[in-house]
Amino acid sequence: MNTMERRYKLVVGILLTHILGFILLLLGINYSFNHNMAILQTVLNVLVIALMGLFLVSAAIVWLIATGKGPLVQRWIFGLLRFGFNFFYSSSCFTARILKIELDVIHRFFAEINNAMVINKGLVVNPEEILILAPHCLQWSNCRHRITNSVDNCTMCGKCLIKDMVSLAKKYGVCLKVVSGGTQARRVVYESSPGAVIAIACERDLMAGIKEADGIPVVGICNVRPKGPCTDTMVDLGLVERHLKQLTKGVN
């Protein structure tokens, strides 16, 4: 069983937990109220059933995209899909905390779902409108050159992946920025107003950035942390390049 399949099963478990919770809530409402409060009881029942319906529709949307069985995401329904995505993501995180499930698993799953939504939207972006946001922890931890001001300060020594990131950005003619954290990342996005963002970060920061993007398409890539968080991290450059090709399809 591969990693993605395990994440699918985990999210299915969370989905079933939600459904059980809704059923128990309905039973609790019907048990607690007497006939003198029939109107309030009915209203609460309707609200719970409506909430469960919204959750199930949201889960179905996410699942269709995750399995590749959904149609191409048309622009006019993208807002609805995004709403369903956000609703299911928030409720899954809430349940994961209660069940003491590692949240990084949930964050990574929904980052991959988000990527599928963005790519399936059929978006085509000019290379100069694409922003690659990379975390400073990709830089060799003993390097003395500050590249968060400008990646041009990189000496291209090859001791970390920044050299390859710079080369990749130049190859496709896209903008590369290395940021020290979420505050700087938000400022860079605000100032550059890109047509699309390819963001590299840990699972939690990635999903926070995706939710705060305010309508800007974001493709998220989780970093690899062989030495632990925030130190000499790595990223799959092949995946970065694949997303660049997907976003710039048909653009010379």
# chains A, B, ... in the order shown; residues from 1 in each chain; ligands from 1
>>> residues_around(residues="Tyr89 of chain A", least_positions_apart="6", cutoff="9 Å", atoms="only C-alpha atoms", output="count of residues only")
3
>>> select_by_dssp(residues="segment 40-240 of chain A", states="strand (DSSP E)", output="mmCIF file with C-alpha atoms, in the first residue's frame")
data_model
loop_
_atom_site.group_PDB
_atom_site.id
_atom_site.type_symbol
_atom_site.label_atom_id
_atom_site.label_comp_id
_atom_site.auth_asym_id
_atom_site.auth_seq_id
_atom_site.Cartn_x
_atom_site.Cartn_y
_atom_site.Cartn_z
ATOM 1 C CA ILE A 130 4.528 32.502 -12.013
ATOM 2 C CA LEU A 131 6.125 32.893 -8.598
ATOM 3 C CA ILE A 132 8.076 30.082 -6.931
ATOM 4 C CA LEU A 133 8.195 30.556 -3.169
ATOM 5 C CA ALA A 134 10.936 28.540 -1.492
ATOM 6 C CA PRO A 135 11.725 28.392 2.237
ATOM 7 C CA CYS A 175 10.336 34.393 -10.600
ATOM 8 C CA LEU A 176 12.003 32.652 -7.644
ATOM 9 C CA LYS A 177 11.880 34.081 -4.135
ATOM 10 C CA VAL A 178 13.357 32.561 -0.990
ATOM 11 C CA VAL A 179 11.453 33.607 2.122
ATOM 12 C CA ALA A 196 -0.009 31.502 -9.948
ATOM 13 C CA VAL A 197 2.277 30.396 -7.131
ATOM 14 C CA ILE A 198 4.292 27.232 -6.665
ATOM 15 C CA ALA A 199 4.936 27.117 -2.934
ATOM 16 C CA ILE A 200 7.401 24.860 -1.137
ATOM 17 C CA ALA A 201 7.005 24.458 2.618
ATOM 18 C CA VAL A 218 -1.360 27.961 -5.426
ATOM 19 C CA VAL A 219 0.285 24.624 -6.158
ATOM 20 C CA GLY A 220 1.874 23.300 -2.975
ATOM 21 C CA ILE A 221 4.865 21.010 -2.643
ATOM 22 C CA CYS A 222 5.875 19.597 0.732
#
>>> residues_around(residues="Val224 of chain A", least_positions_apart="4", cutoff="6 Å", atoms="only C-alpha atoms", output="JSON, numbers by chain")
{"A": [233, 234, 235]}
>>> atom_distance(atom1="atom CA of Thr95 of chain A", atom2="atom CA of Phe22 of chain A")
12.4 Å
>>> atom_distance(atom1="atom CA of Pro217 of chain A", atom2="atom CA of Trp140 of chain A")
29.3 Å
>>> closest_residue(among="A:Ile162, A:Met207, A:Ile101, A:Leu27", to="Leu138 of chain A", atoms="only C-alpha atoms")
A:Ile162
>>> residues_around(residues="segment 143-145 of chain A", least_positions_apart="3", cutoff="10 Å", atoms="only C-alpha atoms", output="list of chain:residue names")
A:Gln139, A:Trp140, A:Thr148, A:Asn149, A:Ser150, A:Val151, A:Asn153, A:Cys154, A:Thr155, A:Cys157, A:Lys159, A:Cys160
>>> write_last_selection(atoms="C-alpha atoms", output="short mmCIF file (atom, residue, chain, number, x, y, z; two decimals), in the first residue's frame")
data_model
loop_
_atom_site.label_atom_id
_atom_site.label_comp_id
_atom_site.auth_asym_id
_atom_site.auth_seq_id
_atom_site.Cartn_x
_atom_site.Cartn_y
_atom_site.Cartn_z
CA GLN A 139 19.73 26.81 1.81
CA TRP A 140 22.82 25.13 3.26
CA THR A 148 16.17 36.04 1.28
CA ASN A 149 16.91 39.54 -0.06
CA SER A 150 17.77 38.22 -3.52
CA VAL A 151 18.52 34.78 -4.94
CA ASN A 153 23.32 36.46 -3.89
CA CYS A 154 23.67 32.68 -4.27
CA THR A 155 27.24 31.77 -5.26
CA CYS A 157 28.39 26.43 -4.99
CA LYS A 159 26.08 22.59 -1.51
CA CYS A 160 22.30 22.87 -1.42
#
>>> closest_residue(among="A:Leu16, A:Leu206, A:Cys137, A:Val188", to="Phe109 of chain A", atoms="only C-alpha atoms")
A:Leu206
>>> atom_distance(atom1="atom CA of Ala208 of chain A", atom2="atom CA of Ser167 of chain A")
27.8 Å
>>> select_by_dssp(residues="segment 128-223 of chain A", states="alpha helix (DSSP H)", output="PyMOL selection string")
chain A and resi 162-172+182-192+203-211
>>> residues_around(residues="Lys249 of chain A", least_positions_apart="3", cutoff="7 Å", atoms="only C-alpha atoms", output="ChimeraX atom specification")
/A:124,245-246
